[in-house]
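Student: What follows is a single structure, and I will ask about it in a moment.
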2 protein chains.
Amino acid sequence: MAAPLRLGLAGLGTVGIGVVKIVQNHAGLIAARAGRPVVITAVSARDKSKARDADLSAYGWEADPVALAQRADVDVFIEVMGGHDGPAKAATEAAIAAGKDVVTANKALLAHHGQALAEAAEAAGRVIRFEAAVAGGIPVIKALTEGLAGNGMRRVMGVMNGTCNYILTRMQSAGLPYAEVFEEARQLGYLEADPNLDVGGIDAGHKLSLLAAIAFGTRVSFDAVELEGIGAISIDDIRHAADMGFRIKLLGVAQMTGRGLEQRMTPCLVPADSPLGQLQGGTNMVVLEGDSVGQIVLRGAGAGMGPTASAVMGDVIDLARGIRLPTFGQPATTLASPVAARVATAAPWYLRMTLLDKPGALAKIATALGDAGISIDRMRQYGHEGAHAPVLIVTHKATGADVDDAIARFASTGVLVGDPVAIRIEEV
Amino acid sequence: MAAPLRLGLAGLGTVGIGVVKIVQNHAGLIAARAGRPVVITAVSARDKSKARDADLSAYGWEADPVALAQRADVDVFIEVMGGHDGPAKAATEAAIAAGKDVVTANKALLAHHGQALAEAAEAAGRVIRFEAAVAGGIPVIKALTEGLAGNGMRRVMGVMNGTCNYILTRMQSAGLPYAEVFEEARQLGYLEADPNLDVGGIDAGHKLSLLAAIAFGTRVSFDAVELEGIGAISIDDIRHAADMGFRIKLLGVAQMTGRGLEQRMTPCLVPADSPLGQLQGGTNMVVLEGDSVGQIVLRGAGAGMGPTASAVMGDVIDLARGIRLPTFGQPATTLASPVAARVATAAPWYLRMTLLDKPGALAKIATALGDAGISIDRMRQYGHEGAHAPVLIVTHKATGADVDDAIARFASTGVLVGDPVAIRIEEV
């Protein structure tokens, strides 16, 4: 049997300990599959004395992850520390410079520095793998980069932040407002230290930008992702959307259009009976649409010790088997610089507003929509709440600009109470 | 750029022409991703003069697929002819002997001869790939062999024959009996020339046996798959199962138990609100359960020109990129000879029977179940049809042997009209 593949593991949080457990518990299975043993030679974390649920006594210790990355007895540097700058970046760069392959779970690092890191790795003949960075245990990077490599990709979509999906589905099932479920999620430990990474859509936006780079052969352009979090989603909208046959999801969509690359991570309505609509709790789902394969849907745990460590180990075993690919599926220097689409593809929209109970109020709204070039697919007016009449409208396809125009026109009708809500309906 | 990868394509049916279209339409995309061009040098089919929806004039022609497999200007032999013996087998063996890699969509060939072919290929340093043989466009072989390689696999399940799922879901939605929908499917061209390959569960059983080999590191043992088709499923059972919150699926299940390897391809009830239960029409779904990753669900088109050709090209591009693995994920000579579990894992069962309208009839059935060691979870008695009372029972967990025992006891009660129906409920 060939020489062992030697791992240096930086980060001993949940994911790092999960990797240790797999390497220790499945040594025989992994060696059979990889054709060679996979061993950990050394580890690194901030606090050596911290109690951890694994026996690390056989491994070397490095206080500095850069020193770990440079060790002569390490073939693959595993980065599961997190953070898009600082030690994670320095250690990854050091690993590449020292001739190591890198396996990382760090979506933020790659969303911000993926192009430079990929170019450096490929110039050095090294490989960066990041299955664990996107959708946890779901092997979506592999499916997209390899399994669907014969397809011109049309669209990539996903619910890729389990915390947001937990909050939205819990709001619906328990009938609780956002603030209350947000607090629940915080107490359950579901939120990042900076919760805006989750509920602001940033974490999921990082992941989308990585999928888009592979799907469309373009440089990672996280800055061009249209980001909108879930903080403004009200229980009213969740209920009304359900009445109309929809669910609200924080949905990422990337597609190449005639106007350029469109990348959005925003709340969207999807049909309640679609796979995306049926997704409950912290589970992730990615939808890959190719010109030959049609629609492939992948579903699984998006986070947690086991699933994320499974993804790390999938990459490690690929390296042990000699599977080596460019980071984003083709050489980084051949990736195109994408033109960001300034206008998103037209879509139906869900509009909710409250009207004064005046004769002709609804007609004024309908006229304003028509003047903005938007036609109405369905409309529902609810029983009056005091003097106010809530109204739901599902439009035919319209651009976001047309919807903004319509909302501006609503303001001048004088029949609106408060601000209208507009949420895109993604056709899945 | 490296030298082109040269394909010899045997079989110019739907899948073969799909491969030609991708190679022709996506030459640039494929070269960018693979790092080298992928070209077809020669093709083979039974009838050269047949009209086909692709321009084949630039390719060499071989009337004999064996001659194609041996051509010096072919690196990869693509076998999309079908049939588990005869030309497909001869040509695949010839390709390996001539030092070619093989990409095949032929589940029957591998289910019957996979071990011998894999050993021959690996002895010759060649690779056999078969993503297209299982679940069409879904990259499930790759997900299982590579993406989840760090997992001890617990269970693999799947709805992998689109024709059967079409028939079962159409029976339910249209309220039509099996024979009528079977005839519809035949007229739509959904059935194999020998329809028993589909509705008898053989085709899906072939696929299951290949997944089991990878998941559990065992030799393909199709002969040990418990096979039961959908021909005996009545519209009554579909309706009653729906009343109890279930759907009937032709479900494949493979799991390693303390009693050996269990492989079943049989009609099962699954919860209506589970991903498997929600699967409509010809779509395929595979569920992979690993000890770290938990449950991964993959869904997509299981057949058709585009999806199947997408899977073939995923394998081809892997080979162009230098990705080379043993056929079943570890060397064929290291695969264990599985002991087949003689008794399937205990499960809840759905029982339907018709009772004579006599006092004490139901008590006799309940007593017979108890005597067989089976307890009742739920029971439903329907309004009398003439003198007969239909009864549905959902049991607690029981083995198939216990259910057989109970059914034998039912016969001696003297209260049964006709034969009872027993269908396993798979816990998904």
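Residues are named by chain letter and number: chains run A, B, ... in the order of the structure tokens, numbers start at 1 in each chain, and ligands are numbered from 1 in the order shown.
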Which residues of chain A come within 7 Å of chain B, and for each one, what is the closest pair of atoms and their distance in Å to one decimal, counting only C-alpha atoms, sorted by chain and residue number, as CSV?
Tutor:
```
residue,atom,partner,partner_atom,distance
A:Ile22,CA,B:Gly150,CA,6.9
A:Ile30,CA,B:Gly150,CA,6.5
A:Ala32,CA,B:Gln330,CA,6.2
A:Arg33,CA,B:Gln330,CA,4.9
A:Gly137,CA,B:Val293,CA,5.5
A:Ile138,CA,B:Ile296,CA,6.6
A:Pro139,CA,B:Gly147,CA,5.3
A:Lys142,CA,B:Gly147,CA,6.9
A:Ala143,CA,B:Pro139,CA,6.2
A:Glu146,CA,B:Gly314,CA,6.1
A:Gly147,CA,B:Gly314,CA,4.8
A:Leu148,CA,B:Gly314,CA,5.8
A:Ala149,CA,B:Gly314,CA,5.5
A:Gly150,CA,B:Met313,CA,5.3
A:Asn151,CA,B:Ser310,CA,6.6
A:Ser292,CA,B:Gly306,CA,4.2
A:Val293,CA,B:Pro307,CA,4.0
A:Gly294,CA,B:Pro307,CA,6.8
A:Gln295,CA,B:Gly300,CA,6.0
A:Ile296,CA,B:Gly300,CA,4.6
A:Val297,CA,B:Arg299,CA,5.0
A:Leu298,CA,B:Leu298,CA,4.7
A:Arg299,CA,B:Val297,CA,5.0
A:Gly300,CA,B:Ile296,CA,4.7
A:Gly306,CA,B:Ser292,CA,4.2
A:Pro307,CA,B:Val293,CA,4.0
A:Ser310,CA,B:Val293,CA,5.6
A:Ala311,CA,B:Gly147,CA,6.8
A:Met313,CA,B:Gly150,CA,5.3
A:Gly314,CA,B:Gly147,CA,4.8
A:Ile317,CA,B:Ala149,CA,6.9
A:Asp318,CA,B:Glu146,CA,6.8
A:Ile323,CA,B:Ile323,CA,5.4
A:Gly329,CA,B:Arg33,CA,6.0
A:Gln330,CA,B:Arg33,CA,4.9
```
Student: Neighbouring residues of Asp237 (chain B) were defined as those with any atom within 12 Å, considering only C-alpha atoms; residues of the same chain fewer than 4 positions away were excluded. Please report them as a PDB file with N, CA and C atoms, in the first residue's frame.
Tutor:
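Wrote out.pdb, looks like this:
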```pdb
ATOM      1  N   LEU B 168     -47.240   4.169 -10.912  1.00  0.00           N
ATOM      2  CA  LEU B 168     -47.839   4.239  -9.574  1.00  0.00           C
ATOM      3  C   LEU B 168     -48.450   5.616  -9.297  1.00  0.00           C
ATOM      4  N   MET B 171     -51.589   6.025 -11.522  1.00  0.00           N
ATOM      5  CA  MET B 171     -52.718   5.273 -10.959  1.00  0.00           C
ATOM      6  C   MET B 171     -53.399   6.110  -9.881  1.00  0.00           C
ATOM      7  N   GLN B 172     -52.578   6.720  -9.013  1.00  0.00           N
ATOM      8  CA  GLN B 172     -53.159   7.495  -7.923  1.00  0.00           C
ATOM      9  C   GLN B 172     -53.852   8.758  -8.422  1.00  0.00           C
ATOM     10  N   GLY B 175     -56.777   7.783 -10.762  1.00  0.00           N
ATOM     11  CA  GLY B 175     -57.705   6.778 -10.246  1.00  0.00           C
ATOM     12  C   GLY B 175     -57.898   5.615 -11.211  1.00  0.00           C
ATOM     13  N   PRO B 177     -56.800   1.775 -12.910  1.00  0.00           N
ATOM     14  CA  PRO B 177     -56.195   0.509 -12.493  1.00  0.00           C
ATOM     15  C   PRO B 177     -54.851   0.267 -13.189  1.00  0.00           C
ATOM     16  N   TYR B 178     -54.085  -0.640 -12.614  1.00  0.00           N
ATOM     17  CA  TYR B 178     -52.735  -0.934 -13.106  1.00  0.00           C
ATOM     18  C   TYR B 178     -52.719  -1.252 -14.592  1.00  0.00           C
ATOM     19  N   ILE B 230     -44.338  -4.389  -9.490  1.00  0.00           N
ATOM     20  CA  ILE B 230     -45.507  -3.609  -9.090  1.00  0.00           C
ATOM     21  C   ILE B 230     -46.802  -4.145  -9.683  1.00  0.00           C
ATOM     22  N   ALA B 232     -48.798  -6.423  -8.964  1.00  0.00           N
ATOM     23  CA  ALA B 232     -49.895  -6.812  -8.078  1.00  0.00           C
ATOM     24  C   ALA B 232     -50.459  -5.638  -7.289  1.00  0.00           C
ATOM     25  N   ILE B 233     -49.931  -4.427  -7.523  1.00  0.00           N
ATOM     26  CA  ILE B 233     -50.413  -3.261  -6.765  1.00  0.00           C
ATOM     27  C   ILE B 233     -51.762  -2.824  -7.331  1.00  0.00           C
ATOM     28  N   ALA B 241     -53.676   3.276   1.110  1.00  0.00           N
ATOM     29  CA  ALA B 241     -52.393   3.736   1.645  1.00  0.00           C
ATOM     30  C   ALA B 241     -52.415   5.255   1.776  1.00  0.00           C
ATOM     31  N   ALA B 242     -52.978   5.931   0.771  1.00  0.00           N
ATOM     32  CA  ALA B 242     -53.078   7.392   0.833  1.00  0.00           C
ATOM     33  C   ALA B 242     -53.940   7.824   2.012  1.00  0.00           C
ATOM     34  N   ASP B 243     -55.030   7.106   2.249  1.00  0.00           N
ATOM     35  CA  ASP B 243     -55.890   7.424   3.398  1.00  0.00           C
ATOM     36  C   ASP B 243     -55.115   7.353   4.714  1.00  0.00           C
ATOM     37  N   MET B 244     -54.161   6.442   4.771  1.00  0.00           N
ATOM     38  CA  MET B 244     -53.393   6.267   6.007  1.00  0.00           C
ATOM     39  C   MET B 244     -52.133   7.161   6.013  1.00  0.00           C
ATOM     40  N   PHE B 246     -49.788   7.455   3.409  1.00  0.00           N
ATOM     41  CA  PHE B 246     -48.626   6.840   2.746  1.00  0.00           C
ATOM     42  C   PHE B 246     -48.733   6.928   1.224  1.00  0.00           C
ATOM     43  N   ARG B 247     -47.629   6.683   0.573  1.00  0.00           N
ATOM     44  CA  ARG B 247     -47.586   6.466  -0.865  1.00  0.00           C
ATOM     45  C   ARG B 247     -46.932   5.099  -1.111  1.00  0.00           C
ATOM     46  N   ILE B 248     -47.309   4.450  -2.217  1.00  0.00           N
ATOM     47  CA  ILE B 248     -46.659   3.186  -2.581  1.00  0.00           C
ATOM     48  C   ILE B 248     -45.601   3.463  -3.640  1.00  0.00           C
ATOM     49  N   LYS B 249     -44.389   3.010  -3.389  1.00  0.00           N
ATOM     50  CA  LYS B 249     -43.271   3.198  -4.311  1.00  0.00           C
ATOM     51  C   LYS B 249     -42.587   1.859  -4.550  1.00  0.00           C
ATOM     52  N   PRO B 267     -42.228  -3.233  -3.723  1.00  0.00           N
ATOM     53  CA  PRO B 267     -43.156  -2.156  -3.379  1.00  0.00           C
ATOM     54  C   PRO B 267     -43.138  -1.923  -1.876  1.00  0.00           C
ATOM     55  N   CYS B 268     -43.081  -0.665  -1.482  1.00  0.00           N
ATOM     56  CA  CYS B 268     -43.095  -0.293  -0.074  1.00  0.00           C
ATOM     57  C   CYS B 268     -44.006   0.908   0.101  1.00  0.00           C
ATOM     58  N   LEU B 269     -44.536   1.052   1.305  1.00  0.00           N
ATOM     59  CA  LEU B 269     -45.193   2.291   1.672  1.00  0.00           C
ATOM     60  C   LEU B 269     -44.163   3.223   2.296  1.00  0.00           C
ATOM     61  N   TYR B 350     -48.270  -2.690   6.283  1.00  0.00           N
ATOM     62  CA  TYR B 350     -49.644  -2.342   5.917  1.00  0.00           C
ATOM     63  C   TYR B 350     -50.329  -3.637   5.507  1.00  0.00           C
ATOM     64  N   LEU B 351     -51.462  -3.940   6.131  1.00  0.00           N
ATOM     65  CA  LEU B 351     -52.225  -5.149   5.787  1.00  0.00           C
ATOM     66  C   LEU B 351     -53.618  -4.718   5.350  1.00  0.00           C
ATOM     67  N   ARG B 352     -54.066  -5.268   4.250  1.00  0.00           N
ATOM     68  CA  ARG B 352     -55.446  -5.010   3.823  1.00  0.00           C
ATOM     69  C   ARG B 352     -56.126  -6.343   3.594  1.00  0.00           C
ATOM     70  N   MET B 353     -57.326  -6.482   4.109  1.00  0.00           N
ATOM     71  CA  MET B 353     -58.046  -7.738   3.894  1.00  0.00           C
ATOM     72  C   MET B 353     -59.537  -7.437   3.906  1.00  0.00           C
ATOM     73  N   PRO B 390     -64.096  -4.327   4.432  1.00  0.00           N
ATOM     74  CA  PRO B 390     -62.662  -4.160   4.234  1.00  0.00           C
ATOM     75  C   PRO B 390     -62.005  -3.598   5.490  1.00  0.00           C
ATOM     76  N   VAL B 391     -60.842  -4.125   5.807  1.00  0.00           N
ATOM     77  CA  VAL B 391     -60.116  -3.733   7.019  1.00  0.00           C
ATOM     78  C   VAL B 391     -58.673  -3.393   6.647  1.00  0.00           C
ATOM     79  N   LEU B 392     -58.189  -2.267   7.176  1.00  0.00           N
ATOM     80  CA  LEU B 392     -56.780  -1.895   7.018  1.00  0.00           C
ATOM     81  C   LEU B 392     -56.106  -1.947   8.369  1.00  0.00           C
ATOM     82  N   ILE B 393     -54.906  -2.483   8.393  1.00  0.00           N
ATOM     83  CA  ILE B 393     -54.133  -2.526   9.636  1.00  0.00           C
ATOM     84  C   ILE B 393     -52.723  -2.030   9.359  1.00  0.00           C
ATOM     85  N   PRO B 420     -55.377 -11.709   1.731  1.00  0.00           N
ATOM     86  CA  PRO B 420     -54.961 -10.408   2.279  1.00  0.00           C
ATOM     87  C   PRO B 420     -53.753  -9.871   1.520  1.00  0.00           C
ATOM     88  N   VAL B 421     -53.584  -8.557   1.586  1.00  0.00           N
ATOM     89  CA  VAL B 421     -52.427  -7.883   0.984  1.00  0.00           C
ATOM     90  C   VAL B 421     -51.529  -7.408   2.114  1.00  0.00           C
ATOM     91  N   ALA B 422     -50.225  -7.649   1.981  1.00  0.00           N
ATOM     92  CA  ALA B 422     -49.265  -7.164   2.982  1.00  0.00           C
ATOM     93  C   ALA B 422     -48.164  -6.401   2.256  1.00  0.00           C
ATOM     94  N   ILE B 423     -47.937  -5.153   2.627  1.00  0.00           N
ATOM     95  CA  ILE B 423     -46.865  -4.350   2.027  1.00  0.00           C
ATOM     96  C   ILE B 423     -46.048  -3.719   3.146  1.00  0.00           C
TER      97      ILE B 423
END
```
Student: Determine which residues of region 173-401 of chain B DSSP labels as strand (DSSP E) from the backbone of this structure, then write them out as a short mmCIF file (atom, residue, chain, number, x, y, z; two decimals) with N, CA, C and O atoms, in the first residue's frame.
Tutor:
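And here is the file that came out, selection_11.cif:
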```
data_model
loop_
_atom_site.label_atom_id
_atom_site.label_comp_id
_atom_site.auth_asym_id
_atom_site.auth_seq_id
_atom_site.Cartn_x
_atom_site.Cartn_y
_atom_site.Cartn_z
N GLU B 226 -33.75 -9.25 -3.27
CA GLU B 226 -35.14 -9.68 -3.18
C GLU B 226 -35.94 -8.81 -4.14
O GLU B 226 -36.00 -7.60 -3.99
N LEU B 227 -36.52 -9.43 -5.15
CA LEU B 227 -37.20 -8.68 -6.22
C LEU B 227 -38.70 -8.91 -6.17
O LEU B 227 -39.16 -10.05 -6.12
N PHE B 246 -49.79 7.45 3.41
CA PHE B 246 -48.63 6.84 2.75
C PHE B 246 -48.73 6.93 1.22
O PHE B 246 -49.81 7.18 0.66
N ARG B 247 -47.63 6.68 0.57
CA ARG B 247 -47.59 6.47 -0.86
C ARG B 247 -46.93 5.10 -1.11
O ARG B 247 -46.06 4.69 -0.33
N ILE B 248 -47.31 4.45 -2.22
CA ILE B 248 -46.66 3.19 -2.58
C ILE B 248 -45.60 3.46 -3.64
O ILE B 248 -45.89 4.09 -4.66
N LYS B 249 -44.39 3.01 -3.39
CA LYS B 249 -43.27 3.20 -4.31
C LYS B 249 -42.59 1.86 -4.55
O LYS B 249 -42.54 1.02 -3.63
N LEU B 250 -42.04 1.67 -5.74
CA LEU B 250 -41.11 0.56 -5.94
C LEU B 250 -39.78 1.04 -5.39
O LEU B 250 -39.07 1.82 -6.04
N LEU B 251 -39.47 0.62 -4.19
CA LEU B 251 -38.35 1.19 -3.45
C LEU B 251 -37.22 0.18 -3.29
O LEU B 251 -37.45 -0.94 -2.83
N GLY B 252 -36.04 0.59 -3.65
CA GLY B 252 -34.86 -0.23 -3.40
C GLY B 252 -34.24 0.14 -2.08
O GLY B 252 -34.11 1.32 -1.77
N VAL B 253 -33.86 -0.86 -1.31
CA VAL B 253 -33.19 -0.63 -0.03
C VAL B 253 -32.03 -1.60 0.10
O VAL B 253 -32.20 -2.81 -0.08
N ALA B 254 -30.86 -1.07 0.40
CA ALA B 254 -29.70 -1.93 0.69
C ALA B 254 -29.12 -1.48 2.02
O ALA B 254 -28.91 -0.29 2.24
N GLN B 255 -28.90 -2.43 2.91
CA GLN B 255 -28.25 -2.09 4.18
C GLN B 255 -27.48 -3.29 4.69
O GLN B 255 -27.84 -4.44 4.44
N MET B 256 -26.38 -2.98 5.39
CA MET B 256 -25.58 -4.05 6.00
C MET B 256 -26.09 -4.25 7.41
O MET B 256 -26.13 -3.32 8.20
N THR B 257 -26.50 -5.47 7.71
CA THR B 257 -27.04 -5.76 9.04
C THR B 257 -26.17 -6.82 9.72
O THR B 257 -25.28 -7.41 9.10
N GLY B 260 -26.15 -9.93 7.80
CA GLY B 260 -25.64 -9.93 6.43
C GLY B 260 -26.18 -8.78 5.62
O GLY B 260 -26.83 -7.87 6.16
N LEU B 261 -25.90 -8.80 4.32
CA LEU B 261 -26.29 -7.71 3.42
C LEU B 261 -27.73 -7.91 2.98
O LEU B 261 -28.08 -8.95 2.42
N GLU B 262 -28.52 -6.89 3.23
CA GLU B 262 -29.93 -6.93 2.85
C GLU B 262 -30.12 -6.07 1.61
O GLU B 262 -29.72 -4.92 1.58
N GLN B 263 -30.68 -6.64 0.56
CA GLN B 263 -30.96 -5.90 -0.67
C GLN B 263 -32.38 -6.24 -1.10
O GLN B 263 -32.68 -7.40 -1.36
N ARG B 264 -33.20 -5.23 -1.17
CA ARG B 264 -34.59 -5.44 -1.57
C ARG B 264 -34.99 -4.45 -2.63
O ARG B 264 -34.62 -3.27 -2.53
N MET B 265 -35.73 -4.87 -3.63
CA MET B 265 -36.37 -3.96 -4.59
C MET B 265 -37.81 -4.41 -4.66
O MET B 265 -38.15 -5.35 -5.39
N THR B 266 -38.64 -3.79 -3.85
CA THR B 266 -40.02 -4.25 -3.66
C THR B 266 -40.93 -3.04 -3.47
O THR B 266 -40.48 -1.96 -3.10
N PRO B 267 -42.23 -3.23 -3.72
CA PRO B 267 -43.16 -2.16 -3.38
C PRO B 267 -43.14 -1.92 -1.88
O PRO B 267 -43.15 -2.88 -1.10
N CYS B 268 -43.08 -0.66 -1.48
CA CYS B 268 -43.09 -0.29 -0.07
C CYS B 268 -44.01 0.91 0.10
O CYS B 268 -44.19 1.69 -0.82
N LEU B 269 -44.54 1.05 1.31
CA LEU B 269 -45.19 2.29 1.67
C LEU B 269 -44.16 3.22 2.30
O LEU B 269 -43.32 2.77 3.08
N VAL B 270 -44.24 4.50 1.93
CA VAL B 270 -43.41 5.53 2.57
C VAL B 270 -44.34 6.68 2.94
O VAL B 270 -45.39 6.87 2.31
N PRO B 271 -43.96 7.47 3.95
CA PRO B 271 -44.83 8.58 4.35
C PRO B 271 -45.07 9.55 3.19
O PRO B 271 -44.15 9.89 2.45
N THR B 283 -39.52 10.86 -12.36
CA THR B 283 -38.32 11.35 -11.67
C THR B 283 -37.74 10.25 -10.77
O THR B 283 -38.46 9.42 -10.26
N ASN B 284 -36.42 10.26 -10.63
CA ASN B 284 -35.73 9.31 -9.75
C ASN B 284 -35.28 10.01 -8.48
O ASN B 284 -35.09 11.23 -8.47
N MET B 285 -35.12 9.24 -7.41
CA MET B 285 -34.58 9.78 -6.16
C MET B 285 -33.74 8.71 -5.49
O MET B 285 -34.14 7.55 -5.41
N VAL B 286 -32.57 9.12 -5.03
CA VAL B 286 -31.70 8.22 -4.28
C VAL B 286 -31.42 8.85 -2.92
O VAL B 286 -31.15 10.05 -2.84
N VAL B 287 -31.49 8.05 -1.90
CA VAL B 287 -31.24 8.50 -0.53
C VAL B 287 -30.01 7.76 -0.02
O VAL B 287 -29.97 6.52 -0.04
N LEU B 288 -29.00 8.50 0.39
CA LEU B 288 -27.76 7.92 0.88
C LEU B 288 -27.61 8.27 2.35
O LEU B 288 -27.64 9.45 2.71
N GLU B 289 -27.46 7.26 3.20
CA GLU B 289 -27.34 7.52 4.64
C GLU B 289 -25.99 7.06 5.14
O GLU B 289 -25.67 5.87 5.10
N GLY B 290 -25.21 8.02 5.64
CA GLY B 290 -23.89 7.72 6.17
C GLY B 290 -23.78 8.07 7.63
O GLY B 290 -24.57 8.87 8.14
N GLY B 294 -25.24 11.82 7.76
CA GLY B 294 -26.69 11.71 7.92
C GLY B 294 -27.33 11.35 6.60
O GLY B 294 -26.79 10.52 5.86
N GLN B 295 -28.46 11.98 6.30
CA GLN B 295 -29.21 11.60 5.10
C GLN B 295 -29.03 12.63 3.98
O GLN B 295 -29.33 13.80 4.16
N ILE B 296 -28.56 12.14 2.84
CA ILE B 296 -28.44 12.98 1.64
C ILE B 296 -29.47 12.48 0.63
O ILE B 296 -29.55 11.27 0.37
N VAL B 297 -30.25 13.39 0.07
CA VAL B 297 -31.27 13.04 -0.91
C VAL B 297 -30.91 13.68 -2.25
O VAL B 297 -30.64 14.88 -2.32
N LEU B 298 -30.90 12.86 -3.29
CA LEU B 298 -30.57 13.33 -4.64
C LEU B 298 -31.76 13.06 -5.55
O LEU B 298 -32.28 11.94 -5.56
N ARG B 299 -32.15 14.02 -6.34
CA ARG B 299 -33.35 13.90 -7.14
C ARG B 299 -33.10 14.44 -8.54
O ARG B 299 -32.44 15.47 -8.70
N GLY B 300 -33.60 13.77 -9.56
CA GLY B 300 -33.44 14.26 -10.92
C GLY B 300 -34.04 13.29 -11.92
O GLY B 300 -34.62 12.26 -11.55
N ALA B 301 -33.88 13.63 -13.20
CA ALA B 301 -34.41 12.78 -14.25
C ALA B 301 -33.63 11.48 -14.29
O ALA B 301 -32.40 11.48 -14.30
N TRP B 349 -45.87 -2.92 8.91
CA TRP B 349 -46.51 -3.42 7.67
C TRP B 349 -47.90 -2.85 7.53
O TRP B 349 -48.60 -2.59 8.53
N TYR B 350 -48.27 -2.69 6.28
CA TYR B 350 -49.64 -2.34 5.92
C TYR B 350 -50.33 -3.64 5.51
O TYR B 350 -49.81 -4.38 4.67
N LEU B 351 -51.46 -3.94 6.13
CA LEU B 351 -52.23 -5.15 5.79
C LEU B 351 -53.62 -4.72 5.35
O LEU B 351 -54.25 -3.87 6.00
N ARG B 352 -54.07 -5.27 4.25
CA ARG B 352 -55.45 -5.01 3.82
C ARG B 352 -56.13 -6.34 3.59
O ARG B 352 -55.54 -7.25 2.97
N MET B 353 -57.33 -6.48 4.11
CA MET B 353 -58.05 -7.74 3.89
C MET B 353 -59.54 -7.44 3.91
O MET B 353 -59.97 -6.36 4.34
N THR B 354 -60.30 -8.37 3.41
CA THR B 354 -61.76 -8.24 3.43
C THR B 354 -62.30 -9.35 4.31
O THR B 354 -61.92 -10.52 4.16
N LEU B 355 -63.16 -8.95 5.23
CA LEU B 355 -63.70 -9.93 6.19
C LEU B 355 -65.18 -10.17 5.91
O LEU B 355 -65.90 -9.27 5.48
N LEU B 356 -65.60 -11.38 6.20
CA LEU B 356 -67.03 -11.68 6.20
C LEU B 356 -67.68 -10.86 7.31
O LEU B 356 -67.08 -10.63 8.36
N ILE B 376 -50.65 -4.34 16.83
CA ILE B 376 -51.33 -3.43 15.91
C ILE B 376 -51.07 -1.99 16.31
O ILE B 376 -51.23 -1.63 17.47
N ASP B 377 -50.62 -1.19 15.34
CA ASP B 377 -50.43 0.23 15.60
C ASP B 377 -51.73 0.99 15.33
O ASP B 377 -52.22 1.72 16.17
N ARG B 378 -52.30 0.79 14.15
CA ARG B 378 -53.54 1.47 13.77
C ARG B 378 -54.41 0.51 12.99
O ARG B 378 -53.88 -0.35 12.26
N MET B 379 -55.71 0.67 13.10
CA MET B 379 -56.62 -0.18 12.35
C MET B 379 -57.76 0.68 11.84
O MET B 379 -58.15 1.65 12.51
N ARG B 380 -58.27 0.36 10.68
CA ARG B 380 -59.39 1.12 10.16
C ARG B 380 -60.33 0.13 9.47
O ARG B 380 -59.89 -0.66 8.63
N GLN B 381 -61.61 0.17 9.87
CA GLN B 381 -62.59 -0.70 9.22
C GLN B 381 -63.51 0.18 8.40
O GLN B 381 -64.03 1.18 8.91
N HIS B 388 -69.40 -7.76 2.98
CA HIS B 388 -67.97 -7.81 3.27
C HIS B 388 -67.48 -6.51 3.87
O HIS B 388 -67.89 -5.43 3.46
N ALA B 389 -66.56 -6.61 4.81
CA ALA B 389 -66.02 -5.43 5.49
C ALA B 389 -64.53 -5.32 5.22
O ALA B 389 -63.76 -6.13 5.74
N PRO B 390 -64.10 -4.33 4.43
CA PRO B 390 -62.66 -4.16 4.23
C PRO B 390 -62.00 -3.60 5.49
O PRO B 390 -62.57 -2.71 6.14
N VAL B 391 -60.84 -4.12 5.81
CA VAL B 391 -60.12 -3.73 7.02
C VAL B 391 -58.67 -3.39 6.65
O VAL B 391 -58.04 -4.12 5.89
N LEU B 392 -58.19 -2.27 7.18
CA LEU B 392 -56.78 -1.90 7.02
C LEU B 392 -56.11 -1.95 8.37
O LEU B 392 -56.66 -1.47 9.36
N ILE B 393 -54.91 -2.48 8.39
CA ILE B 393 -54.13 -2.53 9.64
C ILE B 393 -52.72 -2.03 9.36
O ILE B 393 -52.12 -2.41 8.35
N VAL B 394 -52.22 -1.14 10.21
CA VAL B 394 -50.79 -0.82 10.23
C VAL B 394 -50.23 -1.45 11.49
O VAL B 394 -50.72 -1.18 12.59
N THR B 395 -49.24 -2.31 11.30
CA THR B 395 -48.69 -3.03 12.45
C THR B 395 -47.51 -2.27 13.05
O THR B 395 -46.97 -1.35 12.45
#
```
Student: I need the residues of region 337-423 of chain B that end up classed as helix (DSSP H, G or I) by DSSP on the backbone, written out as a ChimeraX atom specification.
Tutor: /B:361-371,400-411
Student: Find, counting only C-alpha atoms, the residue in B:Arg154, B:Lys107, B:Arg219, B:Lys364 that gets nearest to Asp203 (chain B).
Tutor: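 Closest to Asp203 (chain B) of all the choices is B:Lys107.
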Student: Hey, what's within 8 Å of Gly11 (chain A) if we count only C-alpha atoms and toss same-chain stuff fewer than 2 positions away? As an MDAnalysis selection string, please?
Tutor: chainID A and resid 9 13 15:16 43:46 79:81
Student: Find the distance between CA of Leu362 (chain B) and CA of Asp236 (chain B) and write it in Å to one decimal.
Tutor: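 Distance between the two atoms: 20.0 Å.
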